[in-house]
$ cat coords.cif   # mmCIF, C-alpha atoms
data_input
#
loop_
_atom_site.group_PDB
_atom_site.id
_atom_site.type_symbol
_atom_site.label_atom_id
_atom_site.label_comp_id
_atom_site.auth_asym_id
_atom_site.auth_seq_id
_atom_site.Cartn_x
_atom_site.Cartn_y
_atom_site.Cartn_z
ATOM 1 C CA MET A 1 11.647 -17.914 -2.682
ATOM 2 C CA SER A 2 15.092 -19.125 -1.640
ATOM 3 C CA GLU A 3 18.131 -16.868 -1.302
ATOM 4 C CA SER A 4 19.919 -18.744 -4.085
ATOM 5 C CA TYR A 5 16.942 -18.306 -6.425
ATOM 6 C CA LEU A 6 16.816 -14.549 -5.836
ATOM 7 C CA SER A 7 20.592 -14.320 -6.255
ATOM 8 C CA ARG A 8 20.311 -15.980 -9.652
ATOM 9 C CA CYS A 9 17.493 -13.622 -10.641
ATOM 10 C CA LEU A 10 19.487 -10.526 -9.688
ATOM 11 C CA GLY A 11 22.751 -11.804 -11.134
ATOM 12 C CA GLU A 12 25.461 -9.170 -10.812
ATOM 13 C CA GLN A 13 22.973 -6.441 -9.864
ATOM 14 C CA VAL A 14 22.675 -7.293 -6.170
ATOM 15 C CA PRO A 15 22.785 -3.991 -4.250
ATOM 16 C CA ALA A 16 25.003 -3.962 -1.150
ATOM 17 C CA SER A 17 21.940 -3.274 1.028
ATOM 18 C CA LEU A 18 20.262 -6.469 -0.222
ATOM 19 C CA ALA A 19 23.321 -8.713 -0.081
ATOM 20 C CA PRO A 20 22.895 -9.724 3.611
ATOM 21 C CA PHE A 21 19.395 -11.015 2.861
ATOM 22 C CA LEU A 22 20.704 -13.295 0.126
ATOM 23 C CA ASP A 23 23.466 -14.882 2.163
ATOM 24 C CA VAL A 24 22.518 -18.549 2.509
ATOM 25 C CA LYS A 25 24.910 -18.838 5.466
ATOM 26 C CA GLU A 26 23.042 -16.170 7.407
ATOM 27 C CA LEU A 27 20.672 -17.904 9.804
ATOM 28 C CA ASN A 28 19.269 -14.849 11.564
ATOM 29 C CA TYR A 29 15.793 -13.662 10.575
ATOM 30 C CA GLN A 30 15.895 -10.234 8.963
ATOM 31 C CA LEU A 31 13.358 -7.667 7.848
ATOM 32 C CA LEU A 32 13.728 -5.207 5.010
ATOM 33 C CA GLU A 33 11.775 -2.040 5.717
ATOM 34 C CA PHE A 34 10.855 0.327 2.928
ATOM 35 C CA CYS A 35 8.419 3.039 1.934
ATOM 36 C CA PRO A 36 6.315 1.691 -0.960
ATOM 37 C CA THR A 37 6.308 3.724 -4.155
ATOM 38 C CA ALA A 38 3.295 4.222 -6.417
ATOM 39 C CA ASP A 39 4.514 1.390 -8.695
ATOM 40 C CA MET A 40 4.808 -0.949 -5.714
ATOM 41 C CA ARG A 41 1.319 -0.060 -4.532
ATOM 42 C CA GLN A 42 -0.107 -0.833 -7.966
ATOM 43 C CA LEU A 43 1.500 -4.283 -7.901
ATOM 44 C CA ILE A 44 0.116 -4.992 -4.442
ATOM 45 C CA GLU A 45 -3.324 -3.853 -5.592
ATOM 46 C CA LYS A 46 -3.144 -6.319 -8.501
ATOM 47 C CA VAL A 47 -2.357 -9.145 -6.074
ATOM 48 C CA PHE A 48 -5.436 -8.293 -4.010
ATOM 49 C CA ALA A 49 -7.561 -8.153 -7.163
ATOM 50 C CA CYS A 50 -6.201 -11.426 -8.588
ATOM 51 C CA GLN A 51 -9.018 -13.777 -9.564
ATOM 52 C CA PHE A 52 -6.875 -16.781 -10.478
ATOM 53 C CA ASN A 53 -7.081 -19.990 -8.467
ATOM 54 C CA GLY A 54 -4.682 -22.734 -7.492
ATOM 55 C CA ALA A 55 -1.346 -22.934 -9.326
ATOM 56 C CA LEU A 56 -2.162 -19.955 -11.558
ATOM 57 C CA ARG A 57 -2.774 -17.790 -8.488
ATOM 58 C CA MET A 58 0.551 -18.809 -6.926
ATOM 59 C CA LEU A 59 2.359 -18.137 -10.223
ATOM 60 C CA PHE A 60 0.726 -14.708 -10.476
ATOM 61 C CA ILE A 61 1.716 -13.819 -6.891
ATOM 62 C CA GLU A 62 5.288 -15.056 -7.380
ATOM 63 C CA GLY A 63 5.611 -12.884 -10.482
ATOM 64 C CA ALA A 64 4.332 -9.854 -8.568
ATOM 65 C CA MET A 65 6.781 -10.512 -5.720
ATOM 66 C CA LEU A 66 9.689 -10.671 -8.187
ATOM 67 C CA GLN A 67 8.601 -7.344 -9.633
ATOM 68 C CA LEU A 68 8.448 -5.832 -6.138
ATOM 69 C CA ILE A 69 11.969 -7.047 -5.430
ATOM 70 C CA ALA A 70 13.163 -5.603 -8.753
ATOM 71 C CA LEU A 71 11.620 -2.221 -7.922
ATOM 72 C CA LYS A 72 13.215 -2.201 -4.477
ATOM 73 C CA ALA A 73 16.585 -3.263 -5.884
ATOM 74 C CA LYS A 74 16.319 -0.405 -8.394
ATOM 75 C CA LEU A 75 15.801 2.065 -5.537
ATOM 76 C CA PHE A 76 18.886 0.743 -3.775
ATOM 77 C CA ILE A 77 20.985 0.833 -6.938
ATOM 78 C CA GLU A 78 19.949 4.435 -7.582
ATOM 79 C CA GLY A 79 20.840 5.314 -4.013
ATOM 80 C CA GLU A 80 17.262 5.987 -2.879
ATOM 81 C CA THR A 81 17.583 4.188 0.450
ATOM 82 C CA LEU A 82 14.970 4.360 3.170
ATOM 83 C CA ALA A 83 17.089 6.844 5.091
ATOM 84 C CA GLU A 84 17.216 9.170 2.087
ATOM 85 C CA LEU A 85 13.497 8.871 1.482
ATOM 86 C CA ASN A 86 12.837 9.768 5.118
ATOM 87 C CA ALA A 87 15.441 12.552 5.303
ATOM 88 C CA LEU A 88 13.437 14.855 7.563
ATOM 89 C CA PRO A 89 14.279 16.401 10.929
ATOM 90 C CA ASP A 90 13.045 14.189 13.777
ATOM 91 C CA TRP A 91 10.612 16.823 15.017
ATOM 92 C CA GLU A 92 9.115 17.288 11.548
ATOM 93 C CA ALA A 93 8.774 13.537 10.967
ATOM 94 C CA ALA A 94 6.992 13.265 14.335
ATOM 95 C CA GLN A 95 4.552 16.028 13.357
ATOM 96 C CA ILE A 96 3.841 14.379 10.016
ATOM 97 C CA LYS A 97 3.214 11.008 11.698
ATOM 98 C CA ALA A 98 0.836 12.723 14.119
ATOM 99 C CA ALA A 99 -0.980 14.311 11.171
ATOM 100 C CA TYR A 100 -1.227 10.903 9.493
ATOM 101 C CA LYS A 101 -2.912 9.406 12.564
ATOM 102 C CA MET A 102 -5.389 12.280 12.666
ATOM 103 C CA LEU A 103 -6.073 11.960 8.935
ATOM 104 C CA VAL A 104 -6.984 8.258 9.029
ATOM 105 C CA SER A 105 -8.642 8.143 12.468
ATOM 106 C CA ASP A 106 -12.027 9.186 11.076
ATOM 107 C CA LEU A 107 -12.563 8.079 7.486
ATOM 108 C CA THR A 108 -16.181 9.261 7.511
ATOM 109 C CA CYS A 109 -15.332 12.887 8.261
ATOM 110 C CA PRO A 110 -11.553 13.381 8.130
ATOM 111 C CA PRO A 111 -9.815 16.720 8.718
ATOM 112 C CA THR A 112 -8.823 18.802 5.703
ATOM 113 C CA LEU A 113 -5.197 19.424 4.795
ATOM 114 C CA SER A 114 -5.626 22.984 6.055
ATOM 115 C CA GLU A 115 -6.916 21.739 9.424
ATOM 116 C CA LEU A 116 -4.085 19.237 9.727
ATOM 117 C CA SER A 117 -1.585 21.924 8.829
ATOM 118 C CA CYS A 118 -2.786 24.125 11.679
ATOM 119 C CA LYS A 119 -2.822 21.276 14.199
ATOM 120 C CA VAL A 120 0.771 20.194 13.559
ATOM 121 C CA ASN A 121 2.122 23.677 12.837
ATOM 122 C CA LEU A 122 3.423 22.898 9.353
ATOM 123 C CA GLY A 123 2.575 24.632 6.093
ATOM 124 C CA GLU A 124 0.174 22.755 3.813
ATOM 125 C CA ARG A 125 2.766 22.282 1.077
ATOM 126 C CA ARG A 126 5.436 21.156 3.522
ATOM 127 C CA LEU A 127 3.019 18.754 5.203
ATOM 128 C CA ASN A 128 1.949 17.258 1.886
ATOM 129 C CA GLU A 129 5.577 16.820 0.804
ATOM 130 C CA GLY A 130 6.274 15.192 4.148
ATOM 131 C CA PHE A 131 3.438 12.734 3.572
ATOM 132 C CA LYS A 132 4.980 11.795 0.226
ATOM 133 C CA LYS A 133 8.416 11.241 1.779
ATOM 134 C CA LEU A 134 7.236 9.221 4.765
ATOM 135 C CA PHE A 135 4.225 7.403 3.331
ATOM 136 C CA GLY A 136 4.705 7.513 -0.421
ATOM 137 C CA ASP A 137 1.648 9.607 -1.306
ATOM 138 C CA SER A 138 -0.106 12.936 -0.813
ATOM 139 C CA ALA A 139 -2.656 13.506 1.939
ATOM 140 C CA PHE A 140 -5.459 12.963 -0.585
ATOM 141 C CA GLY A 141 -3.861 9.774 -1.881
ATOM 142 C CA ILE A 142 -3.301 8.412 1.617
ATOM 143 C CA LEU A 143 -6.891 9.124 2.604
ATOM 144 C CA ARG A 144 -8.241 7.512 -0.578
ATOM 145 C CA ASN A 145 -6.062 4.442 -0.097
ATOM 146 C CA GLU A 146 -7.057 4.048 3.560
ATOM 147 C CA ARG A 147 -10.738 4.416 2.692
ATOM 148 C CA LEU A 148 -10.626 1.798 -0.034
ATOM 149 C CA GLU A 149 -8.467 -0.618 1.966
ATOM 150 C CA SER A 150 -10.926 -0.279 4.855
ATOM 151 C CA ALA A 151 -13.784 -0.973 2.441
ATOM 152 C CA ARG A 152 -11.991 -4.057 1.123
ATOM 153 C CA ARG A 153 -11.579 -5.405 4.658
ATOM 154 C CA ALA A 154 -15.246 -4.731 5.349
ATOM 155 C CA LEU A 155 -16.212 -6.718 2.253
ATOM 156 C CA GLU A 156 -14.098 -9.621 3.474
ATOM 157 C CA ARG A 157 -15.585 -9.618 6.968
ATOM 158 C CA GLY A 158 -19.214 -10.235 6.067
ATOM 159 C CA ASP A 159 -22.416 -9.337 4.272
ATOM 160 C CA VAL A 160 -22.463 -5.590 4.870
ATOM 161 C CA PRO A 161 -24.482 -3.578 2.313
ATOM 162 C CA LEU A 162 -22.377 -1.533 -0.100
ATOM 163 C CA LYS A 163 -24.270 1.597 0.851
ATOM 164 C CA GLN A 164 -23.305 1.155 4.488
ATOM 165 C CA ILE A 165 -19.663 0.429 3.655
ATOM 166 C CA SER A 166 -19.408 3.429 1.335
ATOM 167 C CA TYR A 167 -20.802 5.705 4.062
ATOM 168 C CA ARG A 168 -18.427 4.312 6.691
ATOM 169 C CA VAL A 169 -15.401 5.108 4.568
ATOM 170 C CA GLY A 170 -16.533 8.605 3.657
ATOM 171 C CA TYR A 171 -18.397 8.269 0.367
ATOM 172 C CA ARG A 172 -21.766 9.983 0.363
ATOM 173 C CA HIS A 173 -22.845 8.322 -2.879
ATOM 174 C CA THR A 174 -22.507 4.580 -3.434
ATOM 175 C CA ASN A 175 -21.842 5.015 -7.161
ATOM 176 C CA ASN A 176 -18.821 7.200 -6.427
ATOM 177 C CA PHE A 177 -17.543 4.554 -4.036
ATOM 178 C CA ILE A 178 -18.019 1.779 -6.608
ATOM 179 C CA GLN A 179 -16.141 3.782 -9.254
ATOM 180 C CA ALA A 180 -13.262 4.571 -6.876
ATOM 181 C CA PHE A 181 -13.000 0.954 -5.666
ATOM 182 C CA THR A 182 -13.037 -0.406 -9.211
ATOM 183 C CA LYS A 183 -10.370 2.041 -10.380
ATOM 184 C CA TYR A 184 -8.146 1.313 -7.360
ATOM 185 C CA PHE A 185 -8.405 -2.490 -7.296
ATOM 186 C CA GLY A 186 -9.291 -3.173 -10.926
ATOM 187 C CA ILE A 187 -12.458 -4.998 -9.891
ATOM 188 C CA SER A 188 -15.885 -3.847 -8.685
ATOM 189 C CA PRO A 189 -16.858 -4.332 -5.004
ATOM 190 C CA THR A 190 -19.550 -6.829 -5.998
ATOM 191 C CA LYS A 191 -17.195 -8.922 -8.107
ATOM 192 C CA TYR A 192 -14.503 -8.723 -5.442
ATOM 193 C CA LYS A 193 -16.948 -9.989 -2.828
ATOM 194 C CA ARG A 194 -17.994 -12.794 -5.152
ATOM 195 C CA SER A 195 -14.353 -13.721 -5.826
ATOM 196 C CA LEU A 196 -13.764 -14.336 -2.113
ATOM 197 C CA ASN A 197 -15.928 -17.413 -2.374
ATOM 198 C CA LEU A 198 -14.070 -18.636 -5.466
ATOM 199 C CA ASP A 199 -10.467 -18.286 -4.349
ATOM 200 C CA THR A 200 -10.055 -21.862 -3.175
ATOM 201 C CA PRO A 201 -7.321 -24.264 -4.383
ATOM 202 C CA ASP A 202 -8.159 -26.277 -7.454
ATOM 203 C CA GLY A 203 -9.006 -29.917 -7.015
#
$ encode --input "coords.cif" --output "structure tokens"
Amino acid sequence: MSESYLSRCLGEQVPASLAPFLDVKELNYQLLEFCPTADMRQLIEKVFACQFNGALRMLFIEGAMLQLIALKAKLFIEGETLAELNALPDWEAAQIKAAYKMLVSDLTCPPTLSELSCKVNLGERRLNEGFKKLFGDSAFGILRNERLESARRALERGDVPLKQISYRVGYRHTNNFIQAFTKYFGISPTKYKRSLNLDTPDG
């Protein structure tokens, strides 16, 4: 998407924080960092679950990207900048990041919120709120997302049995894993695996 195209889409609602990225005279490469919201995550999940091919797939992805930009622009317009979302003391942010690493380091048998709370010396409620501010979700949501994203990557890497994948990411029962995967991505693991062999350009 070109800068001029995005400028036309946003019209007069270009937030000051986004303006530098839409300057066609600006030649320097820039990155826009942000903490994804639940709505943004849902859009990204739909992109991963997209079963269209060729031009339809590209159109679907472009539409999703425009929606992501609209959501981010809305956050800027409302004043919810990244700095405000991450408004935590440095020491507390460091403890929460450490807890995050511990939480996702072992998806098969992760620590509980209570255990994490003790290890980083933060109350459970404060830790959970910190997760939401820094990573956009609760400890449970983060763990679920990491488990299912790890499962998706495993499906893409090769012919690993569903039972083995579900165990690796912390699901004792394959049916529970299938239900969680389908709810999260909007497509069952089996159909997702099958779609990987179909997502080739038309013609």
$ closest_residue --input "coords.cif" --among "A:Met58, A:Leu10, A:Ala49, A:Leu134" --to "A:Thr182" --atoms "only C-alpha atoms"
A:Ala49
$ residues_around --input "coords.cif" --residues "stretch 99-115 of chain A" --least-positions-apart "5" --cutoff "6 Å" --atoms "all atoms listed in the file" --output "number ranges by chain"
A: 168-170
$ atom_distance --input "coords.cif" --atom1 "atom CA of A:Ser195" --atom2 "atom CA of A:Asn53"
10.0 Å
$ closest_residue --input "coords.cif" --among "A:Arg57, A:Lys193, A:Lys119, A:Lys46" --to "A:Arg157" --atoms "all atoms listed in the file"
A:Lys193
$ residues_around --input "coords.cif" --residues "A:Val47" --least-positions-apart "3" --cutoff "12 Å" --atoms "all atoms listed in the file" --output "list of chain:residue names"
A:Met40, A:Arg41, A:Gln42, A:Leu43, A:Ile44, A:Cys50, A:Gln51, A:Phe52, A:Arg57, A:Met58, A:Leu59, A:Phe60, A:Ile61, A:Glu62, A:Gly63, A:Ala64, A:Met65, A:Gln67, A:Leu68, A:Phe185, A:Gly186, A:Ile187
$ write_last_selection --input "coords.cif" --atoms "C-alpha atoms" --output "CSV table (one decimal), in the coordinates of the input"
chain,number,residue,atom,x,y,z
A,40,MET,CA,4.8,-0.9,-5.7
A,41,ARG,CA,1.3,-0.1,-4.5
A,42,GLN,CA,-0.1,-0.8,-8.0
A,43,LEU,CA,1.5,-4.3,-7.9
A,44,ILE,CA,0.1,-5.0,-4.4
A,50,CYS,CA,-6.2,-11.4,-8.6
A,51,GLN,CA,-9.0,-13.8,-9.6
A,52,PHE,CA,-6.9,-16.8,-10.5
A,57,ARG,CA,-2.8,-17.8,-8.5
A,58,MET,CA,0.6,-18.8,-6.9
A,59,LEU,CA,2.4,-18.1,-10.2
A,60,PHE,CA,0.7,-14.7,-10.5
A,61,ILE,CA,1.7,-13.8,-6.9
A,62,GLU,CA,5.3,-15.1,-7.4
A,63,GLY,CA,5.6,-12.9,-10.5
A,64,ALA,CA,4.3,-9.9,-8.6
A,65,MET,CA,6.8,-10.5,-5.7
A,67,GLN,CA,8.6,-7.3,-9.6
A,68,LEU,CA,8.4,-5.8,-6.1
A,185,PHE,CA,-8.4,-2.5,-7.3
A,186,GLY,CA,-9.3,-3.2,-10.9
A,187,ILE,CA,-12.5,-5.0,-9.9
$ atom_distance --input "coords.cif" --atom1 "atom CA of A:Glu129" --atom2 "atom CA of A:Glu146"
18.2 Å
$ atom_distance --input "coords.cif" --atom1 "atom CA of A:Arg147" --atom2 "atom CA of A:Tyr171"
8.9 Å
$ resolve_selection --input "coords.cif" --expression "the PyMOL selection byres ((chain A and resi 132) around 12)" --output "JSON, numbers by chain"
{"A": [35, 36, 37, 38, 85, 86, 87, 88, 93, 96, 97, 100, 125, 126, 127, 128, 129, 130, 131, 133, 134, 135, 136, 137, 138, 139, 140, 141, 142]}
$ residues_around --input "coords.cif" --residues "A:Ser166" --least-positions-apart "4" --cutoff "9 Å" --atoms "all atoms listed in the file" --output "list of chain:residue names"
A:Arg147, A:Ala151, A:Pro161, A:Leu162, A:Gly170, A:Tyr171, A:Arg172, A:His173, A:Thr174, A:Asn175, A:Asn176, A:Phe177, A:Ile178
